[in-house]
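The next block is structure.pdb, given as PDB, C-alpha atoms.
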ATOM      1  CA  MET Z   1       3.216  14.073 -15.745
ATOM      2  CA  ARG Z   2       2.565  11.129 -13.503
ATOM      3  CA  HIS Z   3       5.537   9.087 -12.341
ATOM      4  CA  SER Z   4       5.927   5.810 -10.466
ATOM      5  CA  LEU Z   5       9.079   5.545  -8.392
ATOM      6  CA  ALA Z   6      10.476   2.552  -6.554
ATOM      7  CA  VAL Z   7      12.617   3.769  -3.650
ATOM      8  CA  LEU Z   8      14.725   1.218  -1.769
ATOM      9  CA  VAL Z   9      15.644   2.470   1.693
ATOM     10  CA  LEU Z  10      17.246   1.173   4.855
ATOM     11  CA  ASN Z  11      14.526   0.328   7.329
ATOM     12  CA  LYS Z  12      15.192   3.126   9.866
ATOM     13  CA  PRO Z  13      12.905   5.634  11.628
ATOM     14  CA  GLY Z  14      12.634   8.958   9.840
ATOM     15  CA  VAL Z  15      13.471   7.856   6.280
ATOM     16  CA  LEU Z  16       9.878   8.211   5.119
ATOM     17  CA  ALA Z  17       9.584  11.616   6.773
ATOM     18  CA  ARG Z  18      12.694  12.869   4.951
ATOM     19  CA  ILE Z  19      11.465  11.565   1.598
ATOM     20  CA  SER Z  20       7.930  12.929   1.924
ATOM     21  CA  GLY Z  21       9.280  16.219   3.287
ATOM     22  CA  LEU Z  22      11.576  16.672   0.293
ATOM     23  CA  LEU Z  23       8.733  15.925  -2.140
ATOM     24  CA  SER Z  24       6.292  18.288  -0.459
ATOM     25  CA  ARG Z  25       8.838  21.138  -0.308
ATOM     26  CA  ARG Z  26       9.162  20.798  -4.078
ATOM     27  CA  MET Z  27       5.362  20.848  -4.350
ATOM     28  CA  PHE Z  28       5.053  17.302  -5.560
ATOM     29  CA  ASN Z  29       1.730  15.842  -4.605
ATOM     30  CA  ILE Z  30       2.040  12.202  -3.561
ATOM     31  CA  GLU Z  31      -0.950  10.495  -5.208
ATOM     32  CA  SER Z  32      -0.304   7.187  -3.591
ATOM     33  CA  ILE Z  33       2.339   5.580  -1.435
ATOM     34  CA  ALA Z  34       2.857   1.972  -0.468
ATOM     35  CA  ALA Z  35       5.716   0.781   1.690
ATOM     36  CA  GLY Z  36       6.633  -2.541   3.223
ATOM     37  CA  TYR Z  37       9.622  -4.757   3.969
ATOM     38  CA  THR Z  38      11.207  -6.600   1.062
ATOM     39  CA  GLU Z  39      12.756 -10.091   0.982
ATOM     40  CA  ASP Z  40      15.546  -8.474   3.023
ATOM     41  CA  PRO Z  41      13.977  -7.302   6.335
ATOM     42  CA  ASN Z  42      16.521  -4.472   6.597
ATOM     43  CA  ILE Z  43      15.296  -2.936   3.363
ATOM     44  CA  THR Z  44      11.937  -1.265   2.777
ATOM     45  CA  ARG Z  45      10.654  -0.656  -0.730
ATOM     46  CA  ILE Z  46       8.486   2.442  -1.128
ATOM     47  CA  THR Z  47       6.366   2.797  -4.261
ATOM     48  CA  LEU Z  48       5.420   6.411  -4.888
ATOM     49  CA  VAL Z  49       3.065   7.800  -7.516
ATOM     50  CA  VAL Z  50       3.721  11.519  -7.895
ATOM     51  CA  GLN Z  51       2.407  14.274 -10.154
ATOM     52  CA  GLY Z  52       4.746  17.023 -11.248
ATOM     53  CA  ASP Z  53       7.003  18.622 -13.786
ATOM     54  CA  ASP Z  54       9.592  16.257 -15.344
ATOM     55  CA  HIS Z  55      12.490  18.671 -14.905
ATOM     56  CA  ILE Z  56      11.742  19.199 -11.212
ATOM     57  CA  LEU Z  57      11.351  15.448 -10.721
ATOM     58  CA  TYR Z  58      14.863  14.981 -12.086
ATOM     59  CA  GLN Z  59      16.178  17.369  -9.426
ATOM     60  CA  VAL Z  60      14.103  15.772  -6.675
ATOM     61  CA  VAL Z  61      15.332  12.276  -7.510
ATOM     62  CA  LYS Z  62      18.909  13.573  -7.450
ATOM     63  CA  GLN Z  63      18.340  15.059  -3.987
ATOM     64  CA  LEU Z  64      16.536  11.959  -2.713
ATOM     65  CA  SER Z  65      19.345   9.723  -3.878
ATOM     66  CA  LYS Z  66      21.765  11.736  -1.726
ATOM     67  CA  LEU Z  67      19.848  10.948   1.477
ATOM     68  CA  VAL Z  68      21.871   8.664   3.743
ATOM     69  CA  ASP Z  69      19.404   5.791   4.026
ATOM     70  CA  VAL Z  70      18.257   5.765   0.397
ATOM     71  CA  ILE Z  71      19.820   2.834  -1.457
ATOM     72  CA  LYS Z  72      18.250   3.181  -4.868
ATOM     73  CA  ILE Z  73      15.603   5.135  -6.771
ATOM     74  CA  HIS Z  74      14.194   3.639  -9.917
ATOM     75  CA  GLU Z  75      11.455   4.974 -12.165
ATOM     76  CA  LEU Z  76       9.026   2.361 -13.470
ATOM     77  CA  ALA Z  77       7.759   2.869 -17.017
ATOM     78  CA  SER Z  78       4.034   2.116 -16.880
ATOM     79  CA  SER Z  79       4.161   0.471 -20.324
ATOM     80  CA  ASP Z  80       6.796  -1.993 -19.210
ATOM     81  CA  SER Z  81       5.842  -2.848 -15.665
ATOM     82  CA  ILE Z  82       3.348  -4.947 -13.752
ATOM     83  CA  ASN Z  83       1.095  -2.708 -11.693
ATOM     84  CA  ARG Z  84      -1.302  -3.819  -9.000
ATOM     85  CA  GLU Z  85      -3.212  -2.428  -6.125
ATOM     86  CA  LEU Z  86      -5.590  -3.781  -3.554
ATOM     87  CA  ALA Z  87      -8.825  -2.326  -2.198
ATOM     88  CA  LEU Z  88     -11.202  -3.310   0.593
ATOM     89  CA  ILE Z  89     -14.708  -1.926   0.112
ATOM     90  CA  LYS Z  90     -17.513  -2.116   2.657
ATOM     91  CA  VAL Z  91     -20.957  -1.934   1.019
ATOM     92  CA  ARG Z  92     -24.484  -1.815   2.447
ATOM     93  CA  ALA Z  93     -26.174  -5.141   1.771
ATOM     94  CA  GLY Z  94     -29.153  -5.137   4.098
ATOM     95  CA  ASP Z  95     -31.679  -6.896   1.872
ATOM     96  CA  ALA Z  96     -31.409 -10.123  -0.096
ATOM     97  CA  GLY Z  97     -31.906  -8.492  -3.527
ATOM     98  CA  ARG Z  98     -29.050  -6.096  -2.925
ATOM     99  CA  ARG Z  99     -26.815  -8.947  -1.774
ATOM    100  CA  ALA Z 100     -27.466 -10.844  -5.024
ATOM    101  CA  ASP Z 101     -26.620  -7.704  -7.040
ATOM    102  CA  ILE Z 102     -23.369  -7.294  -5.144
ATOM    103  CA  VAL Z 103     -22.368 -10.910  -5.634
ATOM    104  CA  ASN Z 104     -22.956 -10.453  -9.390
ATOM    105  CA  ILE Z 105     -20.705  -7.401  -9.527
ATOM    106  CA  VAL Z 106     -18.110  -9.200  -7.423
ATOM    107  CA  ASP Z 107     -18.076 -12.015 -10.012
ATOM    108  CA  ILE Z 108     -17.744  -9.581 -12.938
ATOM    109  CA  PHE Z 109     -14.731  -7.926 -11.302
ATOM    110  CA  ARG Z 110     -13.271 -11.263 -10.127
ATOM    111  CA  ALA Z 111     -13.292  -9.833  -6.643
ATOM    112  CA  SER Z 112     -14.188 -11.737  -3.497
ATOM    113  CA  VAL Z 113     -16.385 -11.245  -0.453
ATOM    114  CA  VAL Z 114     -14.229 -11.457   2.662
ATOM    115  CA  ASP Z 115     -16.720 -10.511   5.392
ATOM    116  CA  VAL Z 116     -20.499 -10.452   5.769
ATOM    117  CA  ASN Z 117     -22.852  -9.337   8.505
ATOM    118  CA  SER Z 118     -26.573  -8.574   8.513
ATOM    119  CA  GLU Z 119     -26.043  -5.022   7.189
ATOM    120  CA  THR Z 120     -22.827  -4.940   5.183
ATOM    121  CA  MET Z 121     -20.366  -6.954   3.102
ATOM    122  CA  VAL Z 122     -16.641  -6.381   2.640
ATOM    123  CA  ILE Z 123     -15.242  -6.923  -0.838
ATOM    124  CA  GLU Z 124     -11.585  -7.530  -1.667
ATOM    125  CA  LEU Z 125     -10.515  -6.338  -5.102
ATOM    126  CA  THR Z 126      -7.066  -6.639  -6.717
ATOM    127  CA  GLY Z 127      -5.924  -5.287 -10.054
ATOM    128  CA  THR Z 128      -4.587  -2.361 -11.989
ATOM    129  CA  GLU Z 129      -6.058   1.045 -11.249
ATOM    130  CA  GLU Z 130      -8.013   0.762 -14.532
ATOM    131  CA  LYS Z 131      -9.693  -2.350 -13.194
ATOM    132  CA  LEU Z 132     -10.342  -1.039  -9.684
ATOM    133  CA  MET Z 133     -11.728   2.372 -10.463
ATOM    134  CA  PRO Z 134     -14.861   1.361 -12.437
ATOM    135  CA  PHE Z 135     -15.974  -0.604  -9.378
ATOM    136  CA  VAL Z 136     -16.692   2.592  -7.443
ATOM    137  CA  PRO Z 137     -19.446   4.052  -9.697
ATOM    138  CA  TYR Z 138     -20.780   0.501 -10.115
ATOM    139  CA  SER Z 139     -21.341   0.018  -6.420
ATOM    140  CA  GLY Z 140     -22.045   3.751  -6.129
ATOM    141  CA  THR Z 141     -24.041   4.921  -3.169
ATOM    142  CA  TRP Z 142     -23.803   1.495  -1.533
ATOM    143  CA  ILE Z 143     -20.275   2.189  -0.367
ATOM    144  CA  VAL Z 144     -19.882   2.653   3.386
ATOM    145  CA  GLU Z 145     -16.102   2.970   3.291
ATOM    146  CA  MET Z 146     -13.177   2.038   1.107
ATOM    147  CA  VAL Z 147      -9.459   1.685   1.696
ATOM    148  CA  ARG Z 148      -6.801   1.264  -0.985
ATOM    149  CA  THR Z 149      -3.169   0.270  -0.767
ATOM    150  CA  GLY Z 150      -1.806   2.497  -3.502
ATOM    151  CA  LYS Z 151      -0.011   1.042  -6.492
ATOM    152  CA  ILE Z 152       2.947  -1.337  -6.357
ATOM    153  CA  SER Z 153       4.999  -2.144  -9.448
ATOM    154  CA  LEU Z 154       7.716  -4.456 -10.726
ATOM    155  CA  ASP Z 155       9.527  -4.149 -14.054
ATOM    156  CA  ARG Z 156       8.768  -6.830 -16.607
ATOM    157  CA  GLY Z 157      11.818  -8.878 -17.597
ATOM    158  CA  PRO Z 158      14.298 -10.720 -15.400
ATOM    159  CA  GLY Z 159      16.050  -7.709 -13.800
ATOM    160  CA  ALA Z 160      15.566  -6.207 -10.336
ATOM    161  CA  ALA Z 161      15.128  -2.508  -9.519
ATOM    162  CA  LYS Z 162      18.174  -2.613  -7.235
ATOM    163  CA  ASP Z 163      20.405  -3.538 -10.200
ATOM    164  CA  ALA Z 164      18.878  -1.110 -12.712
ATOM    165  CA  PRO Z 165      21.130   1.626 -14.124
ATOM    166  CA  ASP Z 166      20.837   5.045 -12.470
ATOM    167  CA  SER Z 167      19.009   6.625 -15.370
ATOM    168  CA  TYR Z 168      18.334   9.875 -13.505
ATOM    169  CA  LEU Z 169      21.869  10.431 -12.368
ATOM    170  CA  THR Z 170      23.722  10.276 -15.657
TER     171      THR Z 170
ATOM    172  CA  MET F   1       3.284  -2.468  20.948
ATOM    173  CA  ARG F   2       2.212  -2.548  17.352
ATOM    174  CA  HIS F   3      -0.675  -0.326  16.273
ATOM    175  CA  SER F   4      -2.691   0.020  13.079
ATOM    176  CA  LEU F   5      -4.057   3.476  12.457
ATOM    177  CA  ALA F   6      -6.471   4.642   9.786
ATOM    178  CA  VAL F   7      -5.886   8.330   9.098
ATOM    179  CA  LEU F   8      -8.385  10.172   6.918
ATOM    180  CA  VAL F   9      -6.864  13.322   5.427
ATOM    181  CA  LEU F  10      -7.720  15.958   2.856
ATOM    182  CA  ASN F  11      -5.910  15.155  -0.339
ATOM    183  CA  LYS F  12      -3.413  18.062  -0.327
ATOM    184  CA  PRO F  13       0.355  18.245  -0.870
ATOM    185  CA  GLY F  14       2.370  18.057   2.327
ATOM    186  CA  VAL F  15      -0.099  16.199   4.551
ATOM    187  CA  LEU F  16       1.877  12.987   4.426
ATOM    188  CA  ALA F  17       5.106  14.854   5.143
ATOM    189  CA  ARG F  18       3.600  16.439   8.256
ATOM    190  CA  ILE F  19       2.256  13.122   9.531
ATOM    191  CA  SER F  20       5.449  11.161   8.945
ATOM    192  CA  GLY F  21       7.503  14.045  10.339
ATOM    193  CA  LEU F  22       5.508  14.068  13.554
ATOM    194  CA  LEU F  23       5.833  10.303  13.963
ATOM    195  CA  SER F  24       9.561  10.272  13.310
ATOM    196  CA  ARG F  25      10.218  13.144  15.745
ATOM    197  CA  ARG F  26       8.521  11.039  18.414
ATOM    198  CA  MET F  27      10.744   8.094  17.376
ATOM    199  CA  PHE F  28       7.902   6.000  16.042
ATOM    200  CA  ASN F  29       9.111   3.641  13.368
ATOM    201  CA  ILE F  30       6.584   3.318  10.551
ATOM    202  CA  GLU F  31       6.554  -0.405   9.746
ATOM    203  CA  SER F  32       4.284  -0.037   6.799
ATOM    204  CA  ILE F  33       2.245   2.653   5.151
ATOM    205  CA  ALA F  34      -0.402   2.461   2.464
ATOM    206  CA  ALA F  35      -2.259   5.474   1.128
ATOM    207  CA  GLY F  36      -4.719   5.987  -1.679
ATOM    208  CA  TYR F  37      -7.878   7.901  -2.539
ATOM    209  CA  THR F  38     -11.127   6.747  -0.987
ATOM    210  CA  GLU F  39     -14.626   6.728  -2.494
ATOM    211  CA  ASP F  40     -14.424  10.518  -2.093
ATOM    212  CA  PRO F  41     -11.536  11.696  -4.333
ATOM    213  CA  ASN F  42     -10.857  14.651  -1.997
ATOM    214  CA  ILE F  43     -10.074  12.310   0.869
ATOM    215  CA  THR F  44      -7.071  10.041   1.189
ATOM    216  CA  ARG F  45      -7.009   7.204   3.689
ATOM    217  CA  ILE F  46      -3.599   6.367   5.095
ATOM    218  CA  THR F  47      -3.120   3.062   6.893
ATOM    219  CA  LEU F  48      -0.099   3.158   9.196
ATOM    220  CA  VAL F  49       1.436   0.309  11.159
ATOM    221  CA  VAL F  50       3.666   1.766  13.873
ATOM    222  CA  GLN F  51       5.733   0.350  16.710
ATOM    223  CA  GLY F  52       6.019   2.295  19.916
ATOM    224  CA  ASP F  53       5.020   2.972  23.477
ATOM    225  CA  ASP F  54       1.236   3.169  24.073
ATOM    226  CA  HIS F  55       1.426   6.325  26.159
ATOM    227  CA  ILE F  56       3.478   8.159  23.532
ATOM    228  CA  LEU F  57       1.112   6.949  20.808
ATOM    229  CA  TYR F  58      -1.758   8.551  22.693
ATOM    230  CA  GLN F  59       0.082  11.889  22.617
ATOM    231  CA  VAL F  60       1.044  11.472  18.961
ATOM    232  CA  VAL F  61      -2.534  10.767  17.897
ATOM    233  CA  LYS F  62      -3.663  13.851  19.807
ATOM    234  CA  GLN F  63      -1.078  15.965  17.993
ATOM    235  CA  LEU F  64      -1.879  14.405  14.606
ATOM    236  CA  SER F  65      -5.577  15.078  15.055
ATOM    237  CA  LYS F  66      -4.803  18.785  15.481
ATOM    238  CA  LEU F  67      -3.174  19.015  12.042
ATOM    239  CA  VAL F  68      -5.308  21.114   9.688
ATOM    240  CA  ASP F  69      -5.855  18.547   6.958
ATOM    241  CA  VAL F  70      -6.409  15.537   9.223
ATOM    242  CA  ILE F  71     -10.116  14.640   9.331
ATOM    243  CA  LYS F  72     -10.047  11.544  11.519
ATOM    244  CA  ILE F  73      -7.690   9.100  13.191
ATOM    245  CA  HIS F  74      -8.996   5.705  14.139
ATOM    246  CA  GLU F  75      -7.137   2.780  15.666
ATOM    247  CA  LEU F  76      -8.055  -0.620  14.266
ATOM    248  CA  ALA F  77      -8.101  -3.505  16.739
ATOM    249  CA  SER F  78      -6.412  -6.406  14.950
ATOM    250  CA  SER F  79      -8.824  -8.887  16.522
ATOM    251  CA  ASP F  80     -11.830  -7.078  15.144
ATOM    252  CA  SER F  81     -10.730  -5.945  11.708
ATOM    253  CA  ILE F  82     -10.174  -7.314   8.237
ATOM    254  CA  ASN F  83      -6.510  -7.017   7.306
ATOM    255  CA  ARG F  84      -5.041  -7.546   3.880
ATOM    256  CA  GLU F  85      -1.907  -6.797   1.989
ATOM    257  CA  LEU F  86      -0.666  -7.449  -1.502
ATOM    258  CA  ALA F  87       2.768  -8.556  -2.695
ATOM    259  CA  LEU F  88       4.364  -8.963  -6.114
ATOM    260  CA  ILE F  89       7.302 -11.376  -6.105
ATOM    261  CA  LYS F  90       9.668 -11.994  -9.011
ATOM    262  CA  VAL F  91      11.286 -15.441  -8.839
ATOM    263  CA  ARG F  92      13.932 -17.136 -10.972
ATOM    264  CA  ALA F  93      12.267 -19.878 -13.037
ATOM    265  CA  GLY F  94      14.822 -20.691 -15.704
ATOM    266  CA  ASP F  95      14.294 -24.447 -15.966
ATOM    267  CA  ALA F  96      11.103 -26.461 -16.363
ATOM    268  CA  GLY F  97      11.450 -28.333 -13.033
ATOM    269  CA  ARG F  98      11.720 -25.079 -11.118
ATOM    270  CA  ARG F  99       8.695 -23.685 -12.925
ATOM    271  CA  ALA F 100       6.598 -26.692 -11.883
ATOM    272  CA  ASP F 101       7.746 -26.270  -8.263
ATOM    273  CA  ILE F 102       6.742 -22.619  -8.334
ATOM    274  CA  VAL F 103       3.325 -23.355  -9.809
ATOM    275  CA  ASN F 104       2.778 -25.874  -6.973
ATOM    276  CA  ILE F 105       3.648 -23.313  -4.310
ATOM    277  CA  VAL F 106       1.468 -20.728  -6.068
ATOM    278  CA  ASP F 107      -1.470 -23.158  -5.842
ATOM    279  CA  ILE F 108      -0.851 -23.869  -2.150
ATOM    280  CA  PHE F 109      -0.876 -20.148  -1.349
ATOM    281  CA  ARG F 110      -3.804 -19.449  -3.720
ATOM    282  CA  ALA F 111      -1.569 -16.925  -5.406
ATOM    283  CA  SER F 112      -1.427 -16.335  -9.164
ATOM    284  CA  VAL F 113       1.275 -15.986 -11.803
ATOM    285  CA  VAL F 114       0.860 -12.596 -13.498
ATOM    286  CA  ASP F 115       3.930 -12.496 -15.763
ATOM    287  CA  VAL F 116       6.340 -15.039 -17.246
ATOM    288  CA  ASN F 117       9.459 -14.788 -19.365
ATOM    289  CA  SER F 118      12.237 -17.261 -20.147
ATOM    290  CA  GLU F 119      14.094 -16.523 -16.889
ATOM    291  CA  THR F 120      11.570 -15.314 -14.308
ATOM    292  CA  MET F 121       7.946 -15.393 -13.165
ATOM    293  CA  VAL F 122       6.016 -12.746 -11.249
ATOM    294  CA  ILE F 123       3.640 -13.963  -8.565
ATOM    295  CA  GLU F 124       0.751 -11.943  -7.102
ATOM    296  CA  LEU F 125      -0.136 -12.812  -3.520
ATOM    297  CA  THR F 126      -2.937 -11.348  -1.376
ATOM    298  CA  GLY F 127      -3.722 -12.052   2.250
ATOM    299  CA  THR F 128      -2.987 -11.285   5.849
ATOM    300  CA  GLU F 129       0.627 -10.826   6.857
ATOM    301  CA  GLU F 130       0.472 -14.307   8.429
ATOM    302  CA  LYS F 131      -0.365 -15.757   5.012
ATOM    303  CA  LEU F 132       2.132 -13.718   3.030
ATOM    304  CA  MET F 133       5.192 -14.109   5.180
ATOM    305  CA  PRO F 134       5.648 -17.915   4.991
ATOM    306  CA  PHE F 135       5.878 -17.547   1.203
ATOM    307  CA  VAL F 136       9.294 -15.900   1.452
ATOM    308  CA  PRO F 137      11.253 -18.779   3.064
ATOM    309  CA  TYR F 138       9.315 -21.175   0.809
ATOM    310  CA  SER F 139      10.486 -19.536  -2.370
ATOM    311  CA  GLY F 140      13.755 -18.689  -0.595
ATOM    312  CA  THR F 141      16.784 -18.009  -2.729
ATOM    313  CA  TRP F 142      14.673 -17.955  -5.877
ATOM    314  CA  ILE F 143      13.473 -14.444  -5.149
ATOM    315  CA  VAL F 144      14.811 -11.764  -7.481
ATOM    316  CA  GLU F 145      12.786  -8.940  -5.967
ATOM    317  CA  MET F 146       9.652  -8.382  -3.968
ATOM    318  CA  VAL F 147       7.382  -5.424  -3.376
ATOM    319  CA  ARG F 148       4.612  -5.181  -0.779
ATOM    320  CA  THR F 149       1.814  -2.688  -0.319
ATOM    321  CA  GLY F 150       1.744  -2.611   3.451
ATOM    322  CA  LYS F 151      -1.370  -3.529   5.370
ATOM    323  CA  ILE F 152      -4.833  -2.045   4.833
ATOM    324  CA  SER F 153      -7.661  -2.632   7.308
ATOM    325  CA  LEU F 154     -11.382  -2.153   7.768
ATOM    326  CA  ASP F 155     -13.339  -2.689  10.977
ATOM    327  CA  ARG F 156     -15.701  -5.635  11.000
ATOM    328  CA  GLY F 157     -19.327  -4.666  11.478
ATOM    329  CA  PRO F 158     -21.425  -2.114   9.624
ATOM    330  CA  GLY F 159     -19.722   1.092  10.820
ATOM    331  CA  ALA F 160     -17.190   3.288   9.032
ATOM    332  CA  ALA F 161     -13.950   4.656  10.481
ATOM    333  CA  LYS F 162     -15.061   8.222   9.763
ATOM    334  CA  ASP F 163     -18.042   7.803  12.118
ATOM    335  CA  ALA F 164     -16.199   5.970  14.896
ATOM    336  CA  PRO F 165     -15.966   7.673  18.287
ATOM    337  CA  ASP F 166     -12.734   9.549  19.004
ATOM    338  CA  SER F 167     -11.446   6.965  21.465
ATOM    339  CA  TYR F 168      -8.056   8.655  21.790
ATOM    340  CA  LEU F 169      -9.368  12.084  22.447
ATOM    341  CA  THR F 170     -11.651  11.410  25.372
TER     342      THR F 170
END

Could I get this structure in the form of structure tokens?
Amino acid sequence: MRHSLAVLVLNKPGVLARISGLLSRRMFNIESIAAGYTEDPNITRITLVVQGDDHILYQVVKQLSKLVDVIKIHELASSDSINRELALIKVRAGDAGRRADIVNIVDIFRASVVDVNSETMVIELTGTEEKLMPFVPYSGTWIVEMVRTGKISLDRGPGAAKDAPDSYLT
Amino acid sequence: MRHSLAVLVLNKPGVLARISGLLSRRMFNIESIAAGYTEDPNITRITLVVQGDDHILYQVVKQLSKLVDVIKIHELASSDSINRELALIKVRAGDAGRRADIVNIVDIFRASVVDVNSETMVIELTGTEEKLMPFVPYSGTWIVEMVRTGKISLDRGPGAAKDAPDSYLT
């Protein structure tokens, strides 16, 4: 099963290494990871998407939550959360016909062109994974390189992850 | 000094743990990290923003590039790259006056409202760090929670990171 976890940690060197080390020792593959400061600069929020057995995940979350600098771990239900990710895609756009094609696709995906030179264009694309992924076969062999942020998520409703009940620990 | 690194790795369990472990042992603080599949599903691109001494970074990159599953490490010059990150921000918007204020700020920042309920709104914001950061004091004490992806970057110009010369290794 695929799980999205929001992990709130104190912003100290080594926290990420301990978390990723624990996950890899338990053979969890990290599909995506996104981490940045929150509204409180002392706290970093890490969004992890992991694949693995539910029972083992329960144990891993328990172990993670015991780490000194981990403040909170919260699982986000995909049905009840807002999920977004961001991609930058560089595509070959050497001739005018190709450029027109690309601009059409960019419009369809409500993306935007953020850089152009004589050979390539860079496209910025935001959305759920379901929106982003069809773009790749669309633009197909035109892609020079692509970078993605990994998914970030917030629960719907007025609550915050930091105040959510510790569902894994009861 | 602050450095942005693009690390191309084979998509295998444990790679991230080895990279973050190596950085933390050398006392590099990872300011932000963003990782997701590229156009090739076997390859993950990790964008790291790290703070640390230039000379030590040189050694770290050398060590990282020796790791089995690391294909390429490329430093992105901030002056010559396209940098973006994505944030989701949940703000309190209980009364109508507050909601109008928020919609105004959202327009100024060219952000968008992606979820609303009777108490809160969720705002999606994309841009450079310089664009994103002023939003926080603006919306100030209204913020319930915030999640950021960390920075992703592509070089300007037609080239791809995977074909860039190994500047660190010469």

Residues of chain F that approach chain Z to 8 Å or less, counting only C-alpha atoms: could you list each one with the shortest pair of atoms and its distance in Å to one decimal, rows by chain and increasing residue number, as a Markdown table?
| residue | atom | partner | partner_atom | distance |
| --- | --- | --- | --- | --- |
| F:Lys12 | CA | Z:Asn29 | CA | 7.0 |
| F:Pro13 | CA | Z:Asn29 | CA | 4.6 |
| F:Gly14 | CA | Z:Ser24 | CA | 4.8 |
| F:Leu16 | CA | Z:Ser20 | CA | 6.5 |
| F:Ala17 | CA | Z:Ser20 | CA | 4.7 |
| F:Arg18 | CA | Z:Gly21 | CA | 7.5 |
| F:Ile19 | CA | Z:Ala17 | CA | 8.0 |
| F:Ser20 | CA | Z:Ala17 | CA | 4.7 |
| F:Gly21 | CA | Z:Ala17 | CA | 4.8 |
| F:Ser24 | CA | Z:Gly14 | CA | 4.8 |
| F:Arg25 | CA | Z:Gly14 | CA | 7.6 |
| F:Met27 | CA | Z:Pro13 | CA | 6.6 |
| F:Phe28 | CA | Z:Pro13 | CA | 6.7 |
| F:Asn29 | CA | Z:Pro13 | CA | 4.6 |
| F:Ile30 | CA | Z:Pro13 | CA | 6.8 |
| F:Glu31 | CA | Z:Gly36 | CA | 6.9 |
| F:Ser32 | CA | Z:Gly36 | CA | 5.0 |
| F:Ile33 | CA | Z:Ala35 | CA | 5.2 |
| F:Ala34 | CA | Z:Ala34 | CA | 4.4 |
| F:Ala35 | CA | Z:Ile33 | CA | 5.3 |
| F:Gly36 | CA | Z:Gly150 | CA | 4.9 |
| F:Tyr37 | CA | Z:Arg148 | CA | 6.9 |
| F:Thr38 | CA | Z:Met146 | CA | 5.5 |
| F:Glu39 | CA | Z:Met146 | CA | 6.1 |
| F:Arg45 | CA | Z:Val147 | CA | 6.4 |
| F:Ile82 | CA | Z:Asp115 | CA | 7.8 |
| F:Glu85 | CA | Z:Leu86 | CA | 7.3 |
| F:Leu86 | CA | Z:Leu86 | CA | 6.5 |
| F:Leu88 | CA | Z:Leu154 | CA | 7.3 |
| F:Lys90 | CA | Z:Leu154 | CA | 8.0 |
| F:Arg92 | CA | Z:Pro158 | CA | 7.8 |
| F:Asp115 | CA | Z:Arg156 | CA | 7.5 |
| F:Asn117 | CA | Z:Gly157 | CA | 6.6 |
| F:Glu119 | CA | Z:Pro158 | CA | 6.0 |
| F:Thr120 | CA | Z:Pro158 | CA | 5.5 |
| F:Val136 | CA | Z:Glu39 | CA | 6.8 |
| F:Ile143 | CA | Z:Glu39 | CA | 7.6 |
| F:Val144 | CA | Z:Ala160 | CA | 6.3 |
| F:Glu145 | CA | Z:Ala160 | CA | 5.9 |
| F:Met146 | CA | Z:Thr38 | CA | 5.6 |
| F:Val147 | CA | Z:Thr38 | CA | 6.0 |
| F:Arg148 | CA | Z:Gly36 | CA | 5.2 |
| F:Thr149 | CA | Z:Ala34 | CA | 4.8 |
| F:Gly150 | CA | Z:Gly36 | CA | 4.9 |
| F:Lys151 | CA | Z:Thr149 | CA | 7.4 |
| F:Ile152 | CA | Z:Thr149 | CA | 6.3 |
| F:Ser153 | CA | Z:Val147 | CA | 7.3 |
| F:Leu154 | CA | Z:Leu88 | CA | 7.3 |
| F:Arg156 | CA | Z:Asp115 | CA | 7.5 |
| F:Gly157 | CA | Z:Asn117 | CA | 6.6 |
| F:Pro158 | CA | Z:Thr120 | CA | 5.4 |
| F:Gly159 | CA | Z:Val144 | CA | 7.6 |
| F:Ala160 | CA | Z:Glu145 | CA | 5.9 |
| F:Ala161 | CA | Z:Glu145 | CA | 7.7 |

Practice item. Please evaluate the PyMOL selection byres ((chain F and resi 64-72) around 7) against the displayed coordinates and give the resulting residues as a ChimeraX atom specification. Key: /F:7-10,15,19,60-63,73-74,162

To box range 143-162 of chain Z, take all atoms listed in the file, fit an axis-aligned box, add 4 Å on each side, and give centre and edge lengths in Å to one decimal, as AutoDock Vina command-line options.
--center_x -1.1 --center_y -3.9 --center_z -7.1 --size_x 46.4 --size_y 21.7 --size_z 29.0

Report the residues retrieved by the PyMOL selection byres ((chain F and resi 52) around 7) from the displayed file, expressed as a tab-separated table (two decimals) with C-alpha atoms, in the frame of the given file.
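Listed below is the output, part12.tsv:
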chain	number	residue	atom	x	y	z
F	1	MET	CA	3.28	-2.47	20.95
F	2	ARG	CA	2.21	-2.55	17.35
F	28	PHE	CA	7.90	6.00	16.04
F	50	VAL	CA	3.67	1.77	13.87
F	51	GLN	CA	5.73	0.35	16.71
F	53	ASP	CA	5.02	2.97	23.48
F	54	ASP	CA	1.24	3.17	24.07
F	57	LEU	CA	1.11	6.95	20.81

Exercise for review: Please write as JSON, numbers by chain the full residue list that the PyMOL selection byres ((chain Z and resi 109) around 9) yields on this file.
Suggested key: {"Z": [104, 105, 106, 107, 108, 110, 111, 112, 125, 131, 132, 135]}

Point to revise | Distance in Å - CA of Leu76 in chain F versus CA of Ile123 in chain Z | key: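 Taking CA of Leu76 in chain F as the start and CA of Ile123 in chain Z as the end point, the length is 17.9 Å.
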